[in-house]
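> This is input.cif, which holds mmCIF, C-alpha atoms:
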data_upload
#
loop_
_atom_site.label_atom_id
_atom_site.label_comp_id
_atom_site.auth_asym_id
_atom_site.auth_seq_id
_atom_site.Cartn_x
_atom_site.Cartn_y
_atom_site.Cartn_z
CA MET A 98 -8.97 61.86 6.71
CA ALA A 99 -11.00 64.50 4.94
CA ALA A 100 -14.15 65.83 6.53
CA GLN A 101 -17.47 64.43 5.34
CA ILE A 102 -19.86 67.22 4.41
CA GLU A 103 -23.58 66.61 4.27
CA ILE A 104 -25.69 67.36 1.24
CA PRO A 105 -28.97 67.68 3.15
CA ALA A 106 -32.02 65.90 1.80
CA ARG A 107 -33.68 67.96 -0.95
CA ARG A 108 -30.89 70.55 -0.90
CA GLY A 109 -27.82 71.61 -2.88
CA LYS A 110 -24.17 72.24 -2.05
CA ALA A 111 -21.25 73.63 -4.04
CA THR A 112 -17.51 73.59 -3.49
CA ARG A 113 -14.39 74.81 -5.19
CA LEU A 114 -11.75 72.28 -6.28
CA ASP A 115 -8.21 73.07 -7.30
CA ALA A 116 -6.75 71.17 -10.22
CA GLY A 117 -5.49 67.87 -8.85
CA GLN A 118 -7.97 67.71 -5.99
CA ALA A 119 -10.83 65.24 -6.14
CA ILE A 120 -14.36 65.07 -4.79
CA LYS A 121 -15.77 61.85 -3.36
CA ILE A 122 -19.57 61.77 -3.49
CA THR A 123 -21.19 59.11 -1.36
CA ASN A 124 -24.65 57.64 -1.73
CA THR A 125 -24.99 57.30 2.03
CA HIS A 126 -28.26 55.37 1.98
CA GLY A 127 -27.83 53.84 -1.46
CA THR A 128 -31.20 55.09 -2.68
CA GLN A 129 -30.42 58.72 -3.41
CA VAL A 130 -29.75 60.40 -6.75
CA VAL A 131 -27.21 63.23 -6.67
CA ASP A 132 -27.36 65.66 -9.59
CA PHE A 133 -23.89 66.95 -10.40
CA TRP A 134 -22.55 69.96 -12.31
CA ALA A 135 -19.04 71.34 -12.81
CA PHE A 136 -17.99 74.78 -14.02
CA VAL A 137 -14.52 76.06 -14.90
CA ALA A 138 -13.50 78.31 -12.00
CA GLY A 139 -13.39 81.95 -13.06
CA HIS A 140 -14.90 81.16 -16.45
CA LEU A 141 -18.44 80.13 -15.63
CA THR A 142 -19.74 80.08 -19.19
CA GLU A 143 -17.63 76.95 -19.62
CA PHE A 144 -19.17 73.93 -17.91
CA VAL A 145 -19.54 70.20 -18.31
CA GLY A 146 -22.14 69.26 -20.92
CA MET A 147 -23.61 65.78 -21.15
CA GLU A 148 -24.13 66.17 -24.92
CA HIS A 149 -20.42 66.91 -25.27
CA CYS A 150 -19.44 64.00 -23.04
CA ARG A 151 -21.55 61.46 -24.94
CA ALA A 152 -20.04 62.52 -28.28
CA THR A 153 -16.53 61.69 -27.05
CA TRP A 154 -17.43 58.71 -24.85
CA LYS A 155 -19.62 57.22 -27.62
CA ARG A 156 -21.62 55.82 -24.74
CA LEU A 157 -24.76 56.85 -22.82
CA PHE A 158 -23.01 56.84 -19.43
CA PRO A 159 -19.50 57.32 -17.99
CA VAL A 160 -17.19 54.57 -16.80
CA THR A 161 -14.05 54.79 -14.68
CA GLY A 162 -11.32 56.61 -16.56
CA ASP A 163 -13.71 58.77 -18.60
CA HIS A 164 -13.29 62.52 -18.54
CA LEU A 165 -16.13 64.97 -18.12
CA TYR A 166 -15.97 67.36 -21.09
CA THR A 167 -17.04 70.97 -21.15
CA ASN A 168 -18.96 72.88 -23.81
CA LYS A 169 -15.47 73.85 -25.06
CA ARG A 170 -14.63 70.12 -25.31
CA ARG A 171 -12.01 70.34 -22.56
CA ALA A 172 -11.58 67.57 -19.98
CA LEU A 173 -12.54 69.23 -16.70
CA MET A 174 -12.78 66.20 -14.42
CA THR A 175 -12.04 62.48 -14.52
CA LEU A 176 -14.17 59.68 -13.07
CA GLU A 177 -11.44 58.00 -11.05
CA GLU A 178 -13.40 55.53 -8.90
CA ASP A 179 -16.92 54.18 -8.88
CA THR A 180 -18.05 51.50 -6.43
CA SER A 181 -21.68 51.68 -7.62
CA PRO A 182 -23.14 49.46 -10.37
CA GLY A 183 -22.23 52.34 -12.69
CA ARG A 184 -25.71 53.48 -13.57
CA HIS A 185 -25.42 57.25 -13.85
CA ASP A 186 -27.90 59.11 -16.01
CA THR A 187 -26.91 61.67 -18.65
CA LEU A 188 -30.30 61.93 -20.37
CA MET A 189 -32.67 63.71 -18.04
CA ALA A 190 -32.73 67.43 -17.26
CA PRO A 191 -32.34 68.32 -13.58
CA CYS A 192 -35.80 68.60 -12.08
CA ASP A 193 -37.33 72.06 -11.77
CA ASN A 194 -40.52 73.50 -10.38
CA GLU A 195 -42.19 73.41 -13.81
CA ARG A 196 -41.41 69.69 -14.03
CA TYR A 197 -43.28 69.10 -10.79
CA GLY A 198 -46.14 71.12 -12.23
CA LEU A 199 -46.33 68.65 -15.13
CA LEU A 200 -46.30 65.82 -12.57
CA GLY A 201 -49.36 67.27 -10.85
CA CYS A 202 -47.96 69.53 -8.12
CA THR A 203 -49.91 72.72 -7.57
CA GLU A 204 -47.49 74.32 -5.09
CA TYR A 205 -43.76 74.97 -5.14
CA HIS A 206 -41.67 71.78 -4.96
CA ASP A 207 -37.99 71.64 -4.01
CA ASN A 208 -35.99 70.91 -7.14
CA CYS A 209 -32.47 70.34 -8.41
CA ARG A 210 -32.38 73.44 -10.60
CA ASP A 211 -33.03 75.76 -7.68
CA ASN A 212 -30.67 73.69 -5.51
CA MET A 213 -27.89 74.23 -8.03
CA HIS A 214 -28.37 77.98 -7.95
CA ALA A 215 -28.68 78.01 -4.15
CA GLY A 216 -25.48 75.97 -3.82
CA LEU A 217 -23.63 78.38 -6.08
CA ALA A 218 -25.08 81.37 -4.21
CA GLU A 219 -23.43 80.11 -1.00
CA LEU A 220 -20.12 80.63 -2.83
CA GLY A 221 -21.20 84.06 -4.03
CA ILE A 222 -21.67 82.80 -7.59
CA SER A 223 -24.62 83.41 -9.89
CA VAL A 224 -25.14 82.06 -13.39
CA PRO A 225 -28.17 82.83 -15.59
CA TYR A 226 -28.53 79.29 -16.97
CA THR A 227 -28.81 75.71 -15.79
CA PRO A 228 -26.59 73.23 -17.63
CA ASP A 229 -27.74 69.66 -17.97
CA SER A 230 -26.54 67.50 -15.09
CA LEU A 231 -24.70 64.24 -14.61
CA ASN A 232 -27.26 62.42 -12.52
CA LEU A 233 -25.17 60.23 -10.25
CA PHE A 234 -26.73 56.93 -9.15
CA MET A 235 -29.85 57.68 -11.23
CA ASN A 236 -31.17 54.56 -12.91
CA ILE A 237 -32.82 55.39 -16.23
CA PRO A 238 -32.83 52.15 -18.23
CA TRP A 239 -33.09 52.38 -22.01
CA GLN A 240 -34.52 49.76 -24.31
CA GLN A 241 -33.54 48.88 -27.84
CA ASP A 242 -36.72 50.63 -29.07
CA GLY A 243 -35.48 53.84 -27.44
CA SER A 244 -37.94 53.88 -24.54
CA LEU A 245 -36.77 55.14 -21.15
CA SER A 246 -38.06 54.67 -17.62
CA PHE A 247 -37.45 56.22 -14.21
CA ASP A 248 -36.42 53.39 -11.89
CA ALA A 249 -35.08 53.03 -8.37
CA ALA A 250 -31.32 53.38 -7.85
CA LEU A 251 -29.25 50.19 -7.98
CA SER A 252 -26.59 51.40 -5.52
CA LYS A 253 -25.98 50.01 -2.06
CA PRO A 254 -25.46 52.19 1.03
CA GLY A 255 -22.02 53.79 0.99
CA ASP A 256 -21.43 53.47 -2.75
CA TYR A 257 -19.40 56.39 -4.01
CA VAL A 258 -17.74 58.00 -7.00
CA VAL A 259 -14.49 59.97 -7.05
CA LEU A 260 -14.15 62.76 -9.61
CA ARG A 261 -10.73 64.38 -9.94
CA ALA A 262 -10.39 67.96 -11.20
CA GLN A 263 -8.15 68.48 -14.23
CA LEU A 264 -8.59 72.25 -13.98
CA ASP A 265 -9.70 74.52 -11.12
CA CYS A 266 -13.43 74.10 -10.98
CA ILE A 267 -16.66 74.64 -9.10
CA ALA A 268 -18.54 71.42 -8.35
CA VAL A 269 -22.24 71.53 -7.48
CA MET A 270 -24.43 68.75 -6.14
CA SER A 271 -28.14 68.38 -5.39
CA ALA A 272 -29.66 65.61 -3.31
CA CYS A 273 -32.58 65.24 -5.72
CA PRO A 274 -35.97 66.05 -4.13
CA GLN A 275 -37.93 63.84 -6.52
CA ASP A 276 -40.56 62.07 -4.39
CA ILE A 277 -43.17 61.29 -7.05
CA LEU A 278 -41.24 59.08 -9.46
CA ASP A 279 -39.26 56.06 -8.23
CA ILE A 280 -35.71 57.31 -8.73
CA ASN A 281 -35.12 58.00 -5.01
CA SER A 282 -37.44 55.21 -3.89
CA GLN A 283 -39.89 58.08 -3.23
CA LYS A 284 -37.97 59.08 -0.10
CA PRO A 285 -35.35 61.78 -0.72
CA VAL A 286 -32.56 61.60 1.86
CA GLU A 287 -29.16 63.15 2.48
CA ALA A 288 -25.90 62.26 0.77
CA HIS A 289 -22.30 63.26 1.57
CA PHE A 290 -19.15 64.50 -0.09
CA GLU A 291 -15.55 65.09 0.86
CA ILE A 292 -12.57 66.73 -0.79
CA LEU A 293 -9.52 64.54 -1.41
CA ASP A 294 -6.06 65.89 -2.13
CA MET B 4 -47.29 76.75 -52.61
CA ALA B 5 -44.72 78.08 -50.16
CA ALA B 6 -41.27 79.01 -51.38
CA GLN B 7 -38.46 76.51 -50.81
CA ILE B 8 -35.49 78.17 -49.15
CA GLU B 9 -32.06 76.64 -49.38
CA ILE B 10 -29.96 75.82 -46.34
CA PRO B 11 -26.63 75.91 -48.18
CA ALA B 12 -24.18 73.09 -47.59
CA ARG B 13 -22.18 73.67 -44.39
CA ARG B 14 -24.24 76.76 -43.50
CA GLY B 15 -27.03 77.88 -41.16
CA LYS B 16 -30.37 79.63 -41.59
CA ALA B 17 -32.93 80.99 -39.16
CA THR B 18 -36.53 82.07 -39.54
CA ARG B 19 -39.31 83.43 -37.42
CA LEU B 20 -42.54 81.44 -37.09
CA ASP B 21 -45.81 82.72 -35.74
CA ALA B 22 -47.81 80.43 -33.50
CA GLY B 23 -49.81 78.15 -35.79
CA GLN B 24 -47.33 78.30 -38.65
CA ALA B 25 -45.19 75.28 -39.42
CA ILE B 26 -41.77 74.67 -40.91
CA LYS B 27 -41.13 71.83 -43.33
CA ILE B 28 -37.49 70.75 -43.40
CA THR B 29 -36.50 68.59 -46.33
CA ASN B 30 -33.53 66.26 -46.59
CA THR B 31 -33.13 67.07 -50.27
CA HIS B 32 -30.47 64.46 -50.99
CA GLY B 33 -31.42 62.08 -48.18
CA THR B 34 -27.90 61.98 -46.76
CA GLN B 35 -27.76 65.27 -44.88
CA VAL B 36 -28.15 65.91 -41.15
CA VAL B 37 -29.89 69.17 -40.21
CA ASP B 38 -29.25 70.41 -36.68
CA PHE B 39 -32.32 72.22 -35.36
CA TRP B 40 -32.94 74.70 -32.53
CA ALA B 41 -36.03 76.66 -31.49
CA PHE B 42 -36.22 79.69 -29.20
CA VAL B 43 -39.29 81.46 -27.82
CA ALA B 44 -39.59 84.68 -29.80
CA GLY B 45 -38.82 87.72 -27.67
CA HIS B 46 -37.71 85.54 -24.76
CA LEU B 47 -34.52 83.96 -26.00
CA THR B 48 -33.42 82.46 -22.69
CA GLU B 49 -36.27 79.98 -23.20
CA PHE B 50 -35.45 77.39 -25.84
CA VAL B 51 -36.05 73.75 -26.67
CA GLY B 52 -33.87 71.41 -24.61
CA MET B 53 -33.35 67.79 -25.54
CA GLU B 54 -32.91 66.81 -21.87
CA HIS B 55 -36.33 68.31 -21.15
CA CYS B 56 -37.90 66.60 -24.15
CA ARG B 57 -36.58 63.15 -23.24
CA ALA B 58 -37.92 63.45 -19.69
CA THR B 59 -41.47 63.95 -20.97
CA TRP B 60 -41.25 61.70 -24.04
CA LYS B 61 -39.63 58.92 -21.98
CA ARG B 62 -37.92 58.04 -25.24
CA LEU B 63 -34.55 58.81 -26.87
CA PHE B 64 -36.10 60.32 -30.00
CA PRO B 65 -39.31 62.08 -31.07
CA VAL B 66 -42.18 60.54 -32.98
CA THR B 67 -45.07 62.20 -34.80
CA GLY B 68 -47.33 63.95 -32.30
CA ASP B 69 -44.58 64.67 -29.80
CA HIS B 70 -44.03 68.23 -28.63
CA LEU B 71 -40.64 69.89 -28.37
CA TYR B 72 -40.34 71.17 -24.80
CA THR B 73 -38.39 74.18 -23.64
CA ASN B 74 -36.18 74.60 -20.57
CA LYS B 75 -39.35 75.97 -18.95
CA ARG B 76 -41.11 72.70 -19.86
CA ARG B 77 -43.47 74.42 -22.29
CA ALA B 78 -44.48 72.82 -25.58
CA LEU B 79 -42.99 75.14 -28.20
CA MET B 80 -43.44 73.03 -31.35
CA THR B 81 -45.06 69.78 -32.42
CA LEU B 82 -43.66 67.16 -34.77
CA GLU B 83 -46.62 66.94 -37.10
CA GLU B 84 -45.27 64.89 -40.01
CA ASP B 85 -42.20 62.77 -40.61
CA THR B 86 -41.67 60.83 -43.83
CA SER B 87 -38.18 59.68 -42.79
CA PRO B 88 -37.43 56.42 -40.95
CA GLY B 89 -37.68 58.54 -37.81
CA ARG B 90 -34.09 58.42 -36.74
CA HIS B 91 -33.43 61.86 -35.26
CA ASP B 92 -30.66 62.25 -32.72
CA THR B 93 -31.09 64.00 -29.37
CA LEU B 94 -27.82 62.83 -27.79
CA MET B 95 -24.97 64.62 -29.53
CA ALA B 96 -23.96 68.24 -29.09
CA PRO B 97 -23.94 70.32 -32.26
CA CYS B 98 -20.45 70.19 -33.73
CA ASP B 99 -18.10 73.07 -32.99
CA ASN B 100 -14.59 74.02 -33.98
CA GLU B 101 -13.15 72.44 -30.83
CA ARG B 102 -14.84 69.16 -31.78
CA TYR B 103 -13.04 69.17 -35.11
CA GLY B 104 -9.82 69.84 -33.22
CA LEU B 105 -10.41 66.62 -31.27
CA LEU B 106 -11.03 64.86 -34.58
CA GLY B 107 -7.63 65.95 -35.88
CA CYS B 108 -8.30 69.23 -37.70
CA THR B 109 -5.57 71.84 -37.27
CA GLU B 110 -7.42 74.70 -39.01
CA TYR B 111 -10.88 76.20 -38.60
CA HIS B 112 -13.68 73.88 -39.71
CA ASP B 113 -17.23 74.97 -40.49
CA ASN B 114 -19.48 73.82 -37.68
CA CYS B 115 -23.08 73.78 -36.53
CA ARG B 116 -22.48 75.95 -33.46
CA ASP B 117 -21.15 78.83 -35.51
CA ASN B 118 -23.86 78.23 -38.12
CA MET B 119 -26.52 78.60 -35.45
CA HIS B 120 -25.12 81.94 -34.36
CA ALA B 121 -24.66 83.09 -37.96
CA GLY B 122 -28.25 82.14 -38.78
CA LEU B 123 -29.53 84.10 -35.80
CA ALA B 124 -27.29 87.05 -36.69
CA GLU B 125 -29.06 87.33 -40.07
CA LEU B 126 -32.22 88.07 -38.04
CA GLY B 127 -30.35 90.55 -35.86
CA ILE B 128 -30.37 88.15 -32.91
CA SER B 129 -27.47 87.24 -30.66
CA VAL B 130 -27.45 84.74 -27.78
CA PRO B 131 -24.42 84.01 -25.58
CA TYR B 132 -25.02 80.25 -25.39
CA THR B 133 -25.59 77.27 -27.68
CA PRO B 134 -28.42 74.96 -26.63
CA ASP B 135 -28.25 71.31 -27.49
CA SER B 136 -29.83 70.55 -30.85
CA LEU B 137 -32.40 68.19 -32.28
CA ASN B 138 -30.29 66.56 -34.96
CA LEU B 139 -32.77 65.80 -37.70
CA PHE B 140 -32.05 62.74 -39.87
CA MET B 141 -28.93 61.98 -37.79
CA ASN B 142 -28.49 58.26 -37.25
CA ILE B 143 -26.84 57.55 -33.90
CA PRO B 144 -27.73 53.94 -33.05
CA TRP B 145 -27.55 52.88 -29.40
CA GLN B 146 -26.94 49.39 -28.12
CA GLN B 147 -28.27 47.70 -25.00
CA ASP B 148 -24.81 48.12 -23.41
CA GLY B 149 -25.13 51.90 -23.90
CA SER B 150 -22.60 52.23 -26.72
CA LEU B 151 -23.29 54.75 -29.47
CA SER B 152 -22.02 55.13 -33.03
CA PHE B 153 -22.08 57.79 -35.74
CA ASP B 154 -23.66 56.19 -38.78
CA ALA B 155 -24.90 57.33 -42.19
CA ALA B 156 -28.43 58.75 -42.41
CA LEU B 157 -31.23 56.31 -43.23
CA SER B 158 -33.40 58.87 -45.06
CA LYS B 159 -34.18 58.87 -48.75
CA PRO B 160 -34.01 61.96 -50.97
CA GLY B 161 -36.93 64.29 -50.27
CA ASP B 162 -37.74 62.94 -46.81
CA TYR B 163 -39.04 65.71 -44.60
CA VAL B 164 -40.37 66.65 -41.19
CA VAL B 165 -43.02 69.26 -40.38
CA LEU B 166 -42.76 71.07 -37.06
CA ARG B 167 -45.67 73.32 -36.09
CA ALA B 168 -45.16 76.26 -33.75
CA GLN B 169 -47.31 76.34 -30.63
CA LEU B 170 -45.94 79.76 -29.68
CA ASP B 171 -44.18 82.46 -31.70
CA CYS B 172 -40.66 81.18 -32.12
CA ILE B 173 -37.32 81.46 -33.86
CA ALA B 174 -36.29 78.29 -35.67
CA VAL B 175 -32.64 77.75 -36.61
CA MET B 176 -31.15 75.07 -38.85
CA SER B 177 -27.65 74.05 -39.84
CA ALA B 178 -26.76 71.78 -42.74
CA CYS B 179 -24.15 69.95 -40.70
CA PRO B 180 -20.59 70.35 -42.10
CA GLN B 181 -19.35 67.07 -40.60
CA ASP B 182 -17.18 65.47 -43.31
CA ILE B 183 -14.95 63.26 -41.15
CA LEU B 184 -17.48 60.95 -39.47
CA ASP B 185 -20.09 59.09 -41.52
CA ILE B 186 -23.23 60.97 -40.50
CA ASN B 187 -23.48 62.93 -43.77
CA SER B 188 -21.88 60.14 -45.81
CA GLN B 189 -18.75 62.37 -45.64
CA LYS B 190 -20.23 64.76 -48.21
CA PRO B 191 -22.12 67.69 -46.65
CA VAL B 192 -24.75 69.03 -49.04
CA GLU B 193 -27.60 71.51 -48.99
CA ALA B 194 -31.07 70.97 -47.54
CA HIS B 195 -34.26 73.03 -47.81
CA PHE B 196 -37.06 74.43 -45.73
CA GLU B 197 -40.36 76.16 -46.29
CA ILE B 198 -42.89 77.90 -44.09
CA LEU B 199 -46.42 76.47 -44.08
CA ASP B 200 -49.46 78.34 -42.81
#
Rewrite the coordinates I just gave you, this time as structure tokens.


Amino acid sequence: MAAQIEIPARRGKATRLDAGQAIKITNTHGTQVVDFWAFVAGHLTEFVGMEHCRATWKRLFPVTGDHLYTNKRRALMTLEEDTSPGRHDTLMAPCDNERYGLLGCTEYHDNCRDNMHAGLAELGISVPYTPDSLNLFMNIPWQQDGSLSFDAALSKPGDYVVLRAQLDCIAVMSACPQDILDINSQKPVEAHFEILD
Amino acid sequence: MAAQIEIPARRGKATRLDAGQAIKITNTHGTQVVDFWAFVAGHLTEFVGMEHCRATWKRLFPVTGDHLYTNKRRALMTLEEDTSPGRHDTLMAPCDNERYGLLGCTEYHDNCRDNMHAGLAELGISVPYTPDSLNLFMNIPWQQDGSLSFDAALSKPGDYVVLRAQLDCIAVMSACPQDILDINSQKPVEAHFEILD
């Protein structure tokens, strides 16, 4: 059995995956959003883009069997399993310090953007941009009039997704530090991942 | 009266705007999608991001009075007027040659990504990335189950939007060359813009 690795509360982690390997990301407490990014290994200007995914999915969110498409329209990963209610957000930018400024914070706030870069830095990787993220377990309902809201996750403890790599890639995750809006039930906690062969 | 400048069918154009100036973008024939990008002048790593806009709008599309927010969460432009039915897409990546490959093309196809870079090049500007675009007049209906479709524009000839610059910026437009899906009624044509003081 593969080792469970913690994504500490409010922090980011990255890992390399060979083509054919998969990553299982577990919502340990059921309440936690995990922002997710994937880059093509060795070619970091190519990465998964939500705007590219939606154009091929013709849907606002992924379902089992969908590929994650890069900004070169290549299938980088496949959503192979999903035990959650399937509410994963593709619409909202990963949070950043400026976002918390708009929400009223006057001091630095942990955020998914910086977590992504910190996670990559642990692998010795630096990129000068922040792609949009697949926000796993993040419940952003839409209405027919186009309005959106930031709601609590619908997952139960232990819900997970499995994403299988089609190409060698770098996967990055952030246990979202959002504690002002409801998306993490205002209590950011840890999540876990493991690599599956 | 300001001069009308043509955005030729299937081509891109860019222009500089000083803070306080506005750009009026006209759907001359009513059927044409115009992909739109805006960069902070002199600081081209800061640009309007749809995922940042949606987070603040809490809506899938902009309405009059909304700002366009950058990846630093700053208001770069404001949607000041809109005579169209207000269907502007924020969900779909600008088309690129790879997209046309997925749609069955075996030779190069004009595309909004390359038009963006060509428009910028006319101003002597080069950027190594392609932000997501505000797809003016592009009609991508969503359903309550999250499904999306590529439909014909709902605008009438002469419909326009006015976007006013809050900061000095570079605005880029592409008269979308999509002639396979229905978004331009399968007949890409020219559009126009003018600068308003």

> Report as an MDAnalysis selection string the set of chain A residues whose atoms approach chain B to within 8 Å, with distances computed over all atoms listed in the file.

chainID A and resid 148:149 151:152 155:158 169:170 188:190 195:196 229 239:241 243:246

> Please write as a list in words the full residue list that the PyMOL selection byres ((chain A and resi 248) around 12) yields on this file.

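The output of the PyMOL selection byres ((chain A and resi 248) around 12) on this file is Thr128, Gln129, Val130, Arg184, His185, Asp186, Phe234, Met235, Asn236, Ile237, Pro238, Trp239, Leu245, Ser246, Phe247, Ala249, Ala250, Leu251, Ser252, Gln275, Ile277, Leu278, Asp279, Ile280, Asn281, Ser282 and Gln283 of chain A; Lys61 of chain B.
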
> Could you state the separation of atom CA of Trp40 of chain B and atom CA of Leu71 of chain B in Å, given to one decimal place?

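Going from atom CA of Trp40 of chain B over to atom CA of Leu71 of chain B, I get 10.0 Å.
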
> Please evaluate the PyMOL selection byres ((chain B and resi 44) around 10) against the displayed coordinates and give the resulting residues as a VMD selection string.

chain B and resid 19 to 22 41 to 43 45 to 50 170 to 174

> What is the atom CA of Pro274 of chain A to atom CA of Gly127 of chain A distance in Å?

14.9 Å

> Export segment 46-61 of chain B from the structure block above, keeping N, CA and C atoms, as a short mmCIF file (atom, residue, chain, number, x, y, z; two decimals), in the first residue's frame.


data_model
loop_
_atom_site.label_atom_id
_atom_site.label_comp_id
_atom_site.auth_asym_id
_atom_site.auth_seq_id
_atom_site.Cartn_x
_atom_site.Cartn_y
_atom_site.Cartn_z
N HIS B 46 3.77 46.70 -17.66
CA HIS B 46 3.86 45.67 -16.61
C HIS B 46 3.05 44.49 -17.11
N LEU B 47 3.57 43.86 -18.15
CA LEU B 47 2.75 42.94 -18.95
C LEU B 47 2.50 41.61 -18.29
N THR B 48 3.14 41.33 -17.15
CA THR B 48 2.79 40.11 -16.42
C THR B 48 1.50 40.29 -15.63
N GLU B 49 0.99 41.52 -15.60
CA GLU B 49 -0.31 41.76 -14.95
C GLU B 49 -1.34 41.99 -16.04
N PHE B 50 -2.37 41.16 -16.04
CA PHE B 50 -3.38 41.20 -17.09
C PHE B 50 -4.71 40.75 -16.51
N VAL B 51 -5.77 41.08 -17.23
CA VAL B 51 -7.11 40.70 -16.79
C VAL B 51 -7.25 39.18 -16.84
N GLY B 52 -7.78 38.60 -15.77
CA GLY B 52 -8.01 37.16 -15.70
C GLY B 52 -9.48 36.89 -15.42
N MET B 53 -10.07 36.06 -16.23
CA MET B 53 -11.50 35.76 -16.05
C MET B 53 -11.76 35.08 -14.71
N GLU B 54 -10.82 34.23 -14.26
CA GLU B 54 -11.02 33.53 -12.99
C GLU B 54 -10.95 34.49 -11.81
N HIS B 55 -10.23 35.61 -12.00
CA HIS B 55 -10.21 36.63 -10.96
C HIS B 55 -11.48 37.47 -11.00
N CYS B 56 -11.93 37.76 -12.22
CA CYS B 56 -13.17 38.54 -12.36
C CYS B 56 -14.35 37.80 -11.74
N ARG B 57 -14.50 36.52 -12.10
CA ARG B 57 -15.68 35.78 -11.60
C ARG B 57 -15.71 35.73 -10.08
N ALA B 58 -14.52 35.64 -9.45
CA ALA B 58 -14.49 35.54 -7.99
C ALA B 58 -15.05 36.81 -7.34
N THR B 59 -14.80 37.96 -7.95
CA THR B 59 -15.31 39.21 -7.38
C THR B 59 -16.74 39.50 -7.86
N TRP B 60 -17.00 39.25 -9.14
CA TRP B 60 -18.37 39.46 -9.65
C TRP B 60 -19.36 38.53 -8.97
N LYS B 61 -18.92 37.32 -8.60
CA LYS B 61 -19.80 36.23 -8.19
C LYS B 61 -20.90 36.00 -9.25
#
